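**Student:** This is run.pdb (PDB, C-alpha atoms).
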ATOM      1  CA  MET A 103       3.650  -5.358 -16.750
ATOM      2  CA  LYS A 104       5.336  -7.548 -19.318
ATOM      3  CA  ILE A 105       5.581 -11.304 -18.743
ATOM      4  CA  LYS A 106       9.336 -10.923 -19.203
ATOM      5  CA  THR A 107       9.465  -8.454 -16.284
ATOM      6  CA  LEU A 108       7.434 -10.824 -14.094
ATOM      7  CA  GLU A 109       9.847 -13.670 -14.861
ATOM      8  CA  GLU A 110      12.806 -11.447 -14.015
ATOM      9  CA  ILE A 111      11.180 -10.456 -10.679
ATOM     10  CA  LEU A 112      10.638 -14.112  -9.755
ATOM     11  CA  LYS A 113      14.227 -14.938 -10.632
ATOM     12  CA  LYS A 114      15.542 -12.097  -8.452
ATOM     13  CA  LYS A 115      13.223 -13.115  -5.624
ATOM     14  CA  SER A 116      14.402 -16.724  -5.619
ATOM     15  CA  SER A 117      18.068 -15.703  -5.668
ATOM     16  CA  LYS A 118      17.342 -13.278  -2.769
ATOM     17  CA  THR A 119      18.766 -10.326  -4.690
ATOM     18  CA  GLU A 120      17.516  -6.958  -3.429
ATOM     19  CA  PHE A 121      15.765  -4.888  -6.086
ATOM     20  CA  ALA A 122      12.816  -2.602  -6.755
ATOM     21  CA  ILE A 123      10.035  -2.551  -9.317
ATOM     22  CA  LEU A 124       9.433   0.843 -10.928
ATOM     23  CA  THR A 125       6.054   1.447 -12.563
ATOM     24  CA  ASN A 126       4.947   4.407 -14.639
ATOM     25  CA  LEU A 127       1.293   4.684 -13.585
ATOM     26  CA  GLU A 128       0.375   6.697 -16.696
ATOM     27  CA  ASN A 129       1.402   4.222 -19.365
ATOM     28  CA  GLY A 130       1.980   0.993 -17.414
ATOM     29  CA  ASP A 131       5.702   0.719 -18.246
ATOM     30  CA  SER A 132       7.650  -1.146 -15.611
ATOM     31  CA  GLU A 133      11.321  -1.763 -15.011
ATOM     32  CA  ILE A 134      13.484  -3.540 -12.477
ATOM     33  CA  TYR A 135      15.864  -1.314 -10.538
ATOM     34  CA  LEU A 136      19.031  -2.634  -8.931
ATOM     35  CA  PRO A 137      20.694  -0.553  -6.187
ATOM     36  CA  GLY A 138      23.806   1.267  -7.361
ATOM     37  CA  THR A 139      22.617   1.473 -10.968
ATOM     38  CA  THR A 140      20.948   4.323 -12.882
ATOM     39  CA  PRO A 141      17.242   3.687 -13.495
ATOM     40  CA  LYS A 142      16.506   3.089 -17.177
ATOM     41  CA  GLY A 143      14.716   5.358 -19.668
ATOM     42  CA  GLU A 144      12.241   7.913 -18.347
ATOM     43  CA  PHE A 145      12.723   6.603 -14.791
ATOM     44  CA  SER A 146      16.238   8.120 -14.814
ATOM     45  CA  LYS A 147      14.667  11.567 -14.170
ATOM     46  CA  TYR A 148      13.776  10.361 -10.682
ATOM     47  CA  ALA A 149      17.095   8.609  -9.920
ATOM     48  CA  GLY A 150      17.626  10.485  -6.621
ATOM     49  CA  GLU A 151      14.115   9.853  -5.299
ATOM     50  CA  ILE A 152      14.249   6.192  -6.343
ATOM     51  CA  GLU A 153      17.525   5.731  -4.475
ATOM     52  CA  ASN A 154      16.037   7.362  -1.356
ATOM     53  CA  PHE A 155      12.960   5.148  -1.429
ATOM     54  CA  PHE A 156      15.170   2.100  -1.825
ATOM     55  CA  LYS A 157      17.510   3.055   1.014
ATOM     56  CA  SER A 158      14.633   3.648   3.420
ATOM     57  CA  LYS A 159      12.952   0.408   2.224
ATOM     58  CA  LYS A 160       9.810   2.309   1.370
ATOM     59  CA  ASN A 161       7.081   1.585  -1.148
ATOM     60  CA  GLY A 162       5.007   4.349  -2.677
ATOM     61  CA  VAL A 163       4.355   6.957  -5.328
ATOM     62  CA  ILE A 164       7.165   9.491  -5.763
ATOM     63  CA  GLU A 165       5.835  12.949  -4.927
ATOM     64  CA  ASN A 166       4.613  15.048  -7.879
ATOM     65  CA  SER A 167       5.073  12.149 -10.253
ATOM     66  CA  GLU A 168       3.254   9.121 -11.609
ATOM     67  CA  ILE A 169       6.074   6.761 -10.646
ATOM     68  CA  PHE A 170       5.404   3.935  -8.191
ATOM     69  CA  ILE A 171       8.273   2.110  -6.544
ATOM     70  CA  GLU A 172       8.115  -1.176  -4.675
ATOM     71  CA  THR A 173      11.239  -2.378  -2.907
ATOM     72  CA  TYR A 174      12.139  -6.013  -2.308
ATOM     73  CA  ILE A 175      14.425  -6.362   0.678
ATOM     74  CA  LYS A 176      16.232  -9.402   1.999
ATOM     75  CA  PRO A 177      14.652 -11.472   4.732
ATOM     76  CA  ILE A 178      15.983 -11.168   8.268
ATOM     77  CA  LYS A 179      18.559 -13.793   9.166
ATOM     78  CA  VAL A 180      17.599 -15.921  12.166
ATOM     79  CA  ILE A 181      20.058 -18.435  13.577
ATOM     80  CA  VAL A 182      18.546 -21.266  15.577
ATOM     81  CA  VAL A 183      20.858 -23.281  17.797
ATOM     82  CA  GLY A 184      19.428 -26.749  18.315
ATOM     83  CA  ALA A 185      17.756 -28.780  15.582
ATOM     84  CA  VAL A 186      15.032 -29.795  18.031
ATOM     85  CA  HIS A 187      11.273 -30.345  17.683
ATOM     86  CA  ILE A 188      10.452 -26.653  18.366
ATOM     87  CA  ALA A 189      12.842 -25.665  15.571
ATOM     88  CA  GLN A 190      10.743 -27.621  13.082
ATOM     89  CA  TYR A 191       7.715 -25.472  13.940
ATOM     90  CA  LEU A 192       9.797 -22.280  13.865
ATOM     91  CA  VAL A 193      10.737 -23.168  10.306
ATOM     92  CA  ASP A 194       7.047 -23.613   9.425
ATOM     93  CA  PHE A 195       6.050 -20.227  10.887
ATOM     94  CA  ALA A 196       9.000 -18.466   9.274
ATOM     95  CA  LYS A 197       7.786 -19.580   5.843
ATOM     96  CA  SER A 198       4.998 -17.020   5.874
ATOM     97  CA  LEU A 199       7.110 -14.301   7.512
ATOM     98  CA  ASN A 200      10.177 -12.464   6.265
ATOM     99  CA  PHE A 201      12.697 -14.607   8.166
ATOM    100  CA  GLU A 202      15.424 -16.833   6.777
ATOM    101  CA  ILE A 203      16.370 -19.555   9.248
ATOM    102  CA  SER A 204      19.744 -21.317   9.536
ATOM    103  CA  ILE A 205      20.188 -24.062  12.085
ATOM    104  CA  ILE A 206      23.322 -24.945  14.029
ATOM    105  CA  ASP A 207      23.601 -28.258  15.864
ATOM    106  CA  PRO A 208      26.736 -30.345  16.327
ATOM    107  CA  ARG A 209      24.638 -33.426  17.113
ATOM    108  CA  GLY A 210      24.343 -35.193  13.770
ATOM    109  CA  TYR A 211      21.275 -37.251  14.661
ATOM    110  CA  PHE A 212      19.279 -34.047  15.283
ATOM    111  CA  ALA A 213      20.543 -31.880  12.481
ATOM    112  CA  SER A 214      19.587 -34.025   9.521
ATOM    113  CA  GLU A 215      18.474 -32.662   6.183
ATOM    114  CA  GLN A 216      15.549 -35.039   6.276
ATOM    115  CA  ARG A 217      14.171 -33.285   9.351
ATOM    116  CA  PHE A 218      14.782 -29.858   7.839
ATOM    117  CA  PRO A 219      14.314 -29.892   4.076
ATOM    118  CA  ASP A 220      15.315 -26.638   2.269
ATOM    119  CA  ILE A 221      16.938 -25.178   5.393
ATOM    120  CA  LYS A 222      20.620 -24.471   5.878
ATOM    121  CA  VAL A 223      21.661 -26.890   8.629
ATOM    122  CA  ILE A 224      25.223 -26.577   9.897
ATOM    123  CA  ASN A 225      26.340 -29.720  11.633
ATOM    124  CA  LYS A 226      29.137 -28.088  13.656
ATOM    125  CA  TRP A 227      29.815 -26.514  17.046
ATOM    126  CA  PRO A 228      28.727 -22.830  17.177
ATOM    127  CA  LYS A 229      32.282 -21.473  17.062
ATOM    128  CA  GLU A 230      33.038 -23.159  13.723
ATOM    129  CA  ALA A 231      29.499 -22.730  12.427
ATOM    130  CA  PHE A 232      29.601 -18.929  12.813
ATOM    131  CA  GLU A 233      32.608 -18.866  10.487
ATOM    132  CA  GLU A 234      30.234 -19.979   7.733
ATOM    133  CA  ILE A 235      27.488 -17.427   8.369
ATOM    134  CA  GLU A 236      27.669 -13.706   7.755
ATOM    135  CA  THR A 237      26.099 -11.926  10.716
ATOM    136  CA  ASN A 238      25.542  -8.330  11.866
ATOM    137  CA  SER A 239      23.316  -6.279  14.162
ATOM    138  CA  SER A 240      20.307  -7.240  11.993
ATOM    139  CA  THR A 241      20.712 -10.917  12.841
ATOM    140  CA  ALA A 242      18.647 -12.779  15.459
ATOM    141  CA  LEU A 243      19.622 -15.779  17.593
ATOM    142  CA  ILE A 244      17.316 -18.364  19.112
ATOM    143  CA  ALA A 245      19.093 -20.835  21.411
ATOM    144  CA  LEU A 246      17.046 -23.978  21.977
ATOM    145  CA  THR A 247      19.333 -26.743  23.246
ATOM    146  CA  HIS A 248      19.476 -25.508  26.912
ATOM    147  CA  ASP A 249      22.803 -27.324  26.964
ATOM    148  CA  PRO A 250      25.485 -24.835  28.095
ATOM    149  CA  LYS A 251      28.124 -26.553  25.944
ATOM    150  CA  ILE A 252      26.156 -25.691  22.809
ATOM    151  CA  ASP A 253      24.070 -22.622  23.744
ATOM    152  CA  ASP A 254      26.655 -20.593  25.678
ATOM    153  CA  PRO A 255      29.248 -20.135  22.901
ATOM    154  CA  ALA A 256      26.436 -19.071  20.531
ATOM    155  CA  LEU A 257      24.994 -16.606  23.073
ATOM    156  CA  GLN A 258      28.455 -15.141  23.672
ATOM    157  CA  TYR A 259      28.998 -14.730  19.942
ATOM    158  CA  ALA A 260      25.599 -13.039  19.513
ATOM    159  CA  LEU A 261      26.215 -10.655  22.434
ATOM    160  CA  LYS A 262      29.665  -9.678  21.126
ATOM    161  CA  ASN A 263      28.276  -9.087  17.651
ATOM    162  CA  LYS A 264      25.258  -7.130  18.963
ATOM    163  CA  PHE A 265      22.482  -9.231  17.432
ATOM    164  CA  TYR A 266      19.175  -7.295  17.654
ATOM    165  CA  TYR A 267      17.345 -10.250  19.174
ATOM    166  CA  ILE A 268      18.799 -12.963  21.395
ATOM    167  CA  GLY A 269      16.546 -15.490  23.070
ATOM    168  CA  ALA A 270      17.322 -18.636  25.056
ATOM    169  CA  LEU A 271      15.014 -21.502  25.962
ATOM    170  CA  GLY A 272      14.984 -22.828  29.506
ATOM    171  CA  SER A 273      13.270 -22.408  32.849
ATOM    172  CA  LYS A 274      13.842 -19.411  35.149
ATOM    173  CA  LYS A 275      16.356 -21.481  37.101
ATOM    174  CA  THR A 276      18.196 -22.533  33.925
ATOM    175  CA  HIS A 277      18.291 -18.898  32.867
ATOM    176  CA  GLU A 278      19.638 -17.725  36.241
ATOM    177  CA  ASN A 279      22.487 -20.215  35.941
ATOM    178  CA  ARG A 280      23.104 -19.094  32.392
ATOM    179  CA  CYS A 281      23.275 -15.432  33.469
ATOM    180  CA  GLN A 282      25.734 -16.393  36.193
ATOM    181  CA  ARG A 283      28.027 -18.145  33.698
ATOM    182  CA  LEU A 284      27.888 -15.190  31.292
ATOM    183  CA  SER A 285      28.713 -12.817  34.124
ATOM    184  CA  GLU A 286      31.719 -14.943  35.048
ATOM    185  CA  ALA A 287      32.754 -14.852  31.395
ATOM    186  CA  GLY A 288      32.914 -11.058  31.679
ATOM    187  CA  PHE A 289      29.642  -9.885  30.147
ATOM    188  CA  THR A 290      27.970  -6.817  31.669
ATOM    189  CA  ASN A 291      24.535  -6.844  33.311
ATOM    190  CA  ASP A 292      23.161  -4.775  30.417
ATOM    191  CA  GLN A 293      24.385  -7.309  27.907
ATOM    192  CA  ILE A 294      23.048 -10.249  29.894
ATOM    193  CA  GLY A 295      19.753  -8.419  30.493
ATOM    194  CA  SER A 296      19.236  -8.039  26.746
ATOM    195  CA  ILE A 297      18.797 -11.811  26.396
ATOM    196  CA  HIS A 298      15.161 -12.892  26.282
ATOM    197  CA  GLY A 299      15.091 -15.702  28.802
ATOM    198  CA  PRO A 300      12.981 -17.669  29.381
ATOM    199  CA  ILE A 301      12.339 -17.121  25.668
ATOM    200  CA  GLY A 302       8.973 -16.159  24.166
ATOM    201  CA  ILE A 303       5.892 -14.182  25.149
ATOM    202  CA  LYS A 304       3.563 -15.723  27.726
ATOM    203  CA  LEU A 305       0.843 -17.636  25.903
ATOM    204  CA  GLY A 306       0.410 -20.396  28.451
ATOM    205  CA  GLY A 307       0.959 -23.233  25.976
ATOM    206  CA  LYS A 308       3.487 -25.981  26.537
ATOM    207  CA  SER A 309       3.477 -27.977  23.292
ATOM    208  CA  ALA A 310       6.254 -27.597  20.707
ATOM    209  CA  PRO A 311       4.139 -25.599  18.185
ATOM    210  CA  GLU A 312       2.796 -23.366  20.983
ATOM    211  CA  ILE A 313       6.311 -22.596  22.240
ATOM    212  CA  ALA A 314       7.438 -21.935  18.656
ATOM    213  CA  LEU A 315       4.504 -19.530  18.232
ATOM    214  CA  SER A 316       5.405 -17.658  21.429
ATOM    215  CA  ILE A 317       9.023 -17.346  20.255
ATOM    216  CA  ILE A 318       8.117 -16.172  16.767
ATOM    217  CA  ALA A 319       5.638 -13.638  18.228
ATOM    218  CA  GLN A 320       8.388 -12.175  20.425
ATOM    219  CA  LEU A 321      10.789 -12.099  17.482
ATOM    220  CA  VAL A 322       8.290 -10.227  15.292
ATOM    221  CA  SER A 323       7.557  -7.697  18.037
ATOM    222  CA  GLN A 324      11.295  -7.071  18.604
ATOM    223  CA  THR A 325      11.841  -6.761  14.860
ATOM    224  CA  TYR A 326       9.397  -3.848  14.713
ATOM    225  CA  LYS A 327      11.157  -2.149  17.666
ATOM    226  CA  LYS A 328      14.476  -2.374  15.844
TER     227      LYS A 328
ATOM    228  CA  MET B 374       9.966  -5.848   7.897
ATOM    229  CA  LYS B 375       8.168  -6.177   4.617
ATOM    230  CA  ASN B 376       7.252  -9.652   3.631
ATOM    231  CA  SER B 377       8.326  -9.252   0.025
ATOM    232  CA  PHE B 378      10.454 -12.299  -0.658
ATOM    233  CA  ASP B 379       7.966 -14.734   0.792
ATOM    234  CA  GLU B 380       5.015 -13.215  -0.968
ATOM    235  CA  LYS B 381       3.691 -15.910  -3.262
ATOM    236  CA  ILE B 382       1.215 -13.879  -5.291
ATOM    237  CA  LEU B 383       3.576 -13.157  -8.198
ATOM    238  CA  ASP B 384       4.549 -16.839  -8.370
ATOM    239  CA  GLU B 385       0.857 -17.635  -8.584
ATOM    240  CA  ALA B 386       0.453 -15.025 -11.338
ATOM    241  CA  GLN B 387       3.041 -16.884 -13.370
ATOM    242  CA  ASP B 388       1.281 -20.216 -12.779
ATOM    243  CA  TRP B 389      -1.964 -18.713 -14.074
ATOM    244  CA  ILE B 390      -0.216 -17.281 -17.135
ATOM    245  CA  ASN B 391       1.412 -20.651 -17.818
ATOM    246  CA  ALA B 392      -2.099 -22.128 -17.710
ATOM    247  CA  ASN B 393      -3.063 -19.698 -20.523
ATOM    248  CA  GLN B 394      -5.166 -17.430 -18.341
ATOM    249  CA  LYS B 395      -5.352 -13.671 -18.720
ATOM    250  CA  VAL B 396      -4.064 -12.051 -15.548
ATOM    251  CA  VAL B 397      -4.576  -8.581 -14.110
ATOM    252  CA  LEU B 398      -2.329  -7.530 -11.243
ATOM    253  CA  ALA B 399      -3.813  -5.144  -8.648
ATOM    254  CA  THR B 400      -1.438  -3.301  -6.297
ATOM    255  CA  VAL B 401      -2.142  -0.909  -3.409
ATOM    256  CA  ILE B 402      -0.104   2.176  -4.400
ATOM    257  CA  GLN B 403      -1.280   4.782  -1.872
ATOM    258  CA  THR B 404      -3.142   4.828   1.436
ATOM    259  CA  TRP B 405      -4.526   7.656   3.567
ATOM    260  CA  GLY B 406      -5.794   7.337   7.129
ATOM    261  CA  SER B 407      -6.408   3.863   8.462
ATOM    262  CA  SER B 408      -6.363   1.258   5.736
ATOM    263  CA  PRO B 409      -6.332  -2.504   6.121
ATOM    264  CA  ARG B 410      -3.461  -3.425   3.827
ATOM    265  CA  GLN B 411      -0.192  -1.597   3.343
ATOM    266  CA  VAL B 412       1.232  -0.118   0.148
ATOM    267  CA  GLY B 413       2.562  -2.896  -2.077
ATOM    268  CA  SER B 414      -0.202  -5.395  -1.130
ATOM    269  CA  ARG B 415      -1.276  -7.419  -4.124
ATOM    270  CA  MET B 416      -4.089  -9.357  -5.694
ATOM    271  CA  ILE B 417      -4.426 -11.120  -9.040
ATOM    272  CA  VAL B 418      -7.596 -11.614 -11.085
ATOM    273  CA  ASN B 419      -8.161 -13.787 -14.164
ATOM    274  CA  GLU B 420     -10.700 -13.439 -16.984
ATOM    275  CA  LYS B 421     -13.159 -15.723 -15.170
ATOM    276  CA  GLY B 422     -13.137 -13.487 -12.109
ATOM    277  CA  ASP B 423     -11.114 -15.887  -9.921
ATOM    278  CA  PHE B 424      -8.860 -13.966  -7.580
ATOM    279  CA  SER B 425      -6.049 -14.541  -5.099
ATOM    280  CA  GLY B 426      -4.352 -12.247  -2.585
ATOM    281  CA  SER B 427      -5.885  -9.044  -1.220
ATOM    282  CA  VAL B 428      -5.800  -5.252  -1.420
ATOM    283  CA  SER B 429      -8.025  -4.615   1.620
ATOM    284  CA  GLY B 430      -9.630  -6.641   4.364
ATOM    285  CA  GLY B 431     -12.386  -7.800   2.052
ATOM    286  CA  CYS B 432     -13.924  -4.319   1.723
ATOM    287  CA  VAL B 433     -13.198  -3.486  -1.912
ATOM    288  CA  GLU B 434     -12.089  -6.786  -3.459
ATOM    289  CA  SER B 435     -15.339  -7.355  -5.371
ATOM    290  CA  ALA B 436     -15.145  -3.892  -6.942
ATOM    291  CA  VAL B 437     -11.493  -4.490  -7.882
ATOM    292  CA  VAL B 438     -12.440  -7.800  -9.530
ATOM    293  CA  SER B 439     -15.099  -6.126 -11.706
ATOM    294  CA  GLU B 440     -12.679  -3.306 -12.651
ATOM    295  CA  CYS B 441     -10.099  -5.942 -13.639
ATOM    296  CA  LEU B 442     -12.662  -7.787 -15.761
ATOM    297  CA  SER B 443     -13.521  -4.525 -17.576
ATOM    298  CA  LEU B 444      -9.820  -3.909 -18.169
ATOM    299  CA  ILE B 445      -9.531  -7.307 -19.897
ATOM    300  CA  LYS B 446     -12.789  -6.777 -21.857
ATOM    301  CA  ASP B 447     -11.768  -3.298 -23.084
ATOM    302  CA  ASN B 448      -8.186  -4.531 -23.590
ATOM    303  CA  LYS B 449      -6.678  -1.590 -21.730
ATOM    304  CA  PRO B 450      -3.177  -1.852 -20.215
ATOM    305  CA  CYS B 451      -3.746  -0.215 -16.830
ATOM    306  CA  LYS B 452      -5.957   1.948 -14.611
ATOM    307  CA  LYS B 453      -5.790   3.705 -11.241
ATOM    308  CA  ILE B 454      -8.811   3.360  -8.928
ATOM    309  CA  GLU B 455      -9.427   5.228  -5.666
ATOM    310  CA  PHE B 456     -11.653   3.995  -2.846
ATOM    311  CA  LYS B 457     -12.867   6.319  -0.123
ATOM    312  CA  VAL B 458     -14.780   6.041   3.132
ATOM    313  CA  SER B 459     -17.941   4.043   2.578
ATOM    314  CA  ASN B 460     -21.140   6.050   2.792
ATOM    315  CA  GLU B 461     -24.349   5.280   4.631
ATOM    316  CA  SER B 462     -25.670   2.890   2.034
ATOM    317  CA  ALA B 463     -24.661  -0.581   3.164
ATOM    318  CA  TRP B 464     -24.194  -1.890  -0.349
ATOM    319  CA  GLU B 465     -21.889   0.889  -1.457
ATOM    320  CA  VAL B 466     -18.357  -0.345  -1.938
ATOM    321  CA  GLY B 467     -15.912   1.411   0.313
ATOM    322  CA  LEU B 468     -13.734   1.131   3.350
ATOM    323  CA  ALA B 469     -15.710   0.857   6.542
ATOM    324  CA  CYS B 470     -12.554   1.674   8.505
ATOM    325  CA  GLY B 471     -12.619   5.265   7.260
ATOM    326  CA  GLY B 472      -9.444   5.030   5.242
ATOM    327  CA  GLU B 473      -8.763   5.689   1.595
ATOM    328  CA  ILE B 474      -6.711   3.611  -0.777
ATOM    329  CA  ALA B 475      -5.548   3.885  -4.378
ATOM    330  CA  VAL B 476      -5.234   0.622  -6.287
ATOM    331  CA  TYR B 477      -3.401   0.293  -9.575
ATOM    332  CA  ILE B 478      -4.524  -2.471 -11.906
ATOM    333  CA  GLU B 479      -2.482  -3.642 -14.882
ATOM    334  CA  GLN B 480      -2.621  -6.508 -17.358
ATOM    335  CA  ILE B 481       0.339  -8.856 -17.432
ATOM    336  CA  HIS B 482       0.946  -9.423 -21.113
TER     337      HIS B 482
END
Step by step, read the file and then write its structure as structure tokens.
**Tutor:**
Amino acid sequence: MKIKTLEEILKKKSSKTEFAILTNLENGDSEIYLPGTTPKGEFSKYAGEIENFFKSKKNGVIENSEIFIETYIKPIKVIVVGAVHIAQYLVDFAKSLNFEISIIDPRGYFASEQRFPDIKVINKWPKEAFEEIETNSSTALIALTHDPKIDDPALQYALKNKFYYIGALGSKKTHENRCQRLSEAGFTNDQIGSIHGPIGIKLGGKSAPEIALSIIAQLVSQTYKK
Amino acid sequence: MKNSFDEKILDEAQDWINANQKVVLATVIQTWGSSPRQVGSRMIVNEKGDFSGSVSGGCVESAVVSECLSLIKDNKPCKKIEFKVSNESAWEVGLACGGEIAVYIEQIH
């Protein structure tokens, strides 16, 4: 691999552009492939296969060839509602996983940049905040405020937009009340049942980092079921 | 959910190059059966034999390091190495888990 190619890869990685690295295993030539373009030089012979690998987010050697392809796909978007203590640990865990966290909290004293360096913090109510974030069925929501005024609008938005993972912090009792409110707001039992509440897998821990770990573990496991 | 954007090994490769070290990049390109690290897993090795990252769970790293050192010494651009199930001899390099992996090593130049 040429140093120039390595620099280009790092640039694409930091700008979160999706791409693939193509390597000719016989002579060591490597190229960067961008989706929607024709692979350069000798790699163009395998354009169809390269596109298929990219679409299915696969890495590997193309059959009957000496071409290796490695795809770089965007991290999964995770929206955390509540810039609370647990959120700080979620951010730490997410650093070594393929998650990109954005935080929504209308309470200015919580959602400061100082508490969350390098993280997108939106200091608005969920309704306005969601206008600034592009979401789809590959987005996850973690609601941490257990304040209905803040959590409920975010949960409703996530349910309507079919987020693949929705979790809400709070005791069993808090969650029962939450389900009741969502039911009154017209959501079906199936929709309400898809919310992970109380959030997280049972680890037994009660400290902020332990709760964050149990949440992130549940998120990873649901991501692989997707 | 591949962890590609958060993978720091290529950033580290650039740091090593900026520090005037020779760097060989090792990448898992194929696996058969049960193997500890998935395709695309990476490791870097410099001319002193320092390494970072991994291509297995510690099973074949030492062999990969010596192959990378030979690559630098012989000034070759790249090489493909295959590792199979380890045999009875405890000191033989191989994968105790019964898998097979192919690792591609290349100089960054």
**Student:** For Ile481 of chain B, which residue out of A:Leu271, A:Lys327, A:Gly130, A:Lys118 is the nearest one, using all atoms listed in the file?
**Tutor:**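 Selected residue with least distance to Ile481 of chain B: A:Gly130.
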**Student:** Here's a test: counting only C-alpha atoms, identify every protein, DNA and RNA residue with an atom at most 12 Å from (2.0, -4.2, -1.0) in the file's coordinate frame, and state them as a VMD selection string.
**Tutor:** (chain A and resid 123 160 to 162 170 to 174) or (chain B and resid 375 to 378 380 382 to 383 398 to 404 409 to 416 426 to 429 474 to 477)
**Student:** Excluding Ser439 of chain B and its own-chain neighbours fewer than 2 positions away, which residues fall within 12 Å of it when counting all atoms listed in the file? Please give them as an MDAnalysis selection string.
**Tutor:** chainID B and resid 397 399 418:424 433:437 441:446 454 466 478
**Student:** From the set A:Ile303, A:Val322, A:Val186, A:Ile297, which residue has the shortest atom-to-atom contact distance to chain B, counting all atoms listed in the file?
**Tutor:**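 Closest candidate: A:Val322.
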**Student:** Evaluating the PyMOL selection byres ((chain A and resi 190) around 10) on the displayed file yields which residues, as an NGL selection string?
**Tutor:** :A and (185-189 or 191-195 or 217-219 or 310-311 or 314)
**Student:** What does the file look like for those residues with C-alpha atoms, as a short mmCIF file (atom, residue, chain, number, x, y, z; two decimals), in the frame of the given file?
**Tutor:**
data_model
loop_
_atom_site.label_atom_id
_atom_site.label_comp_id
_atom_site.auth_asym_id
_atom_site.auth_seq_id
_atom_site.Cartn_x
_atom_site.Cartn_y
_atom_site.Cartn_z
CA ALA A 185 17.76 -28.78 15.58
CA VAL A 186 15.03 -29.80 18.03
CA HIS A 187 11.27 -30.34 17.68
CA ILE A 188 10.45 -26.65 18.37
CA ALA A 189 12.84 -25.66 15.57
CA TYR A 191 7.72 -25.47 13.94
CA LEU A 192 9.80 -22.28 13.86
CA VAL A 193 10.74 -23.17 10.31
CA ASP A 194 7.05 -23.61 9.43
CA PHE A 195 6.05 -20.23 10.89
CA ARG A 217 14.17 -33.28 9.35
CA PHE A 218 14.78 -29.86 7.84
CA PRO A 219 14.31 -29.89 4.08
CA ALA A 310 6.25 -27.60 20.71
CA PRO A 311 4.14 -25.60 18.18
CA ALA A 314 7.44 -21.94 18.66
#
**Student:** How would you write, as a CSV table (one decimal) with C-alpha atoms, keeping the file's coordinate frame, the residues chosen by the PyMOL selection byres ((chain A) within 8 of (chain B)) on this structure?
**Tutor:**
chain,number,residue,atom,x,y,z
A,103,MET,CA,3.6,-5.4,-16.8
A,104,LYS,CA,5.3,-7.5,-19.3
A,105,ILE,CA,5.6,-11.3,-18.7
A,108,LEU,CA,7.4,-10.8,-14.1
A,109,GLU,CA,9.8,-13.7,-14.9
A,112,LEU,CA,10.6,-14.1,-9.8
A,115,LYS,CA,13.2,-13.1,-5.6
A,116,SER,CA,14.4,-16.7,-5.6
A,118,LYS,CA,17.3,-13.3,-2.8
A,127,LEU,CA,1.3,4.7,-13.6
A,129,ASN,CA,1.4,4.2,-19.4
A,130,GLY,CA,2.0,1.0,-17.4
A,161,ASN,CA,7.1,1.6,-1.1
A,162,GLY,CA,5.0,4.3,-2.7
A,163,VAL,CA,4.4,7.0,-5.3
A,170,PHE,CA,5.4,3.9,-8.2
A,172,GLU,CA,8.1,-1.2,-4.7
A,174,TYR,CA,12.1,-6.0,-2.3
A,175,ILE,CA,14.4,-6.4,0.7
A,176,LYS,CA,16.2,-9.4,2.0
A,177,PRO,CA,14.7,-11.5,4.7
A,197,LYS,CA,7.8,-19.6,5.8
A,198,SER,CA,5.0,-17.0,5.9
A,199,LEU,CA,7.1,-14.3,7.5
A,200,ASN,CA,10.2,-12.5,6.3
A,325,THR,CA,11.8,-6.8,14.9
A,326,TYR,CA,9.4,-3.8,14.7
**Student:** One decimal, Å: what's the distance from atom CA of Ser296 of chain A over to atom CA of Leu243 of chain A, could you say?
**Tutor:** 12.0 Å
**Student:** Given the file shown, determine the residues that the PyMOL selection byres ((chain A and resi 207) around 7) selects; report them as a ChimeraX atom specification.
**Tutor:** /A:183-185,205-206,208-209,213,224-227
**Student:** What separation in Å, quoted to one decimal, exists between atom CA of Leu284 of chain A and atom CA of Leu257 of chain A?
**Tutor:**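 Atom-to-atom, atom CA of Leu284 of chain A to atom CA of Leu257 of chain A, that is 8.8 Å.
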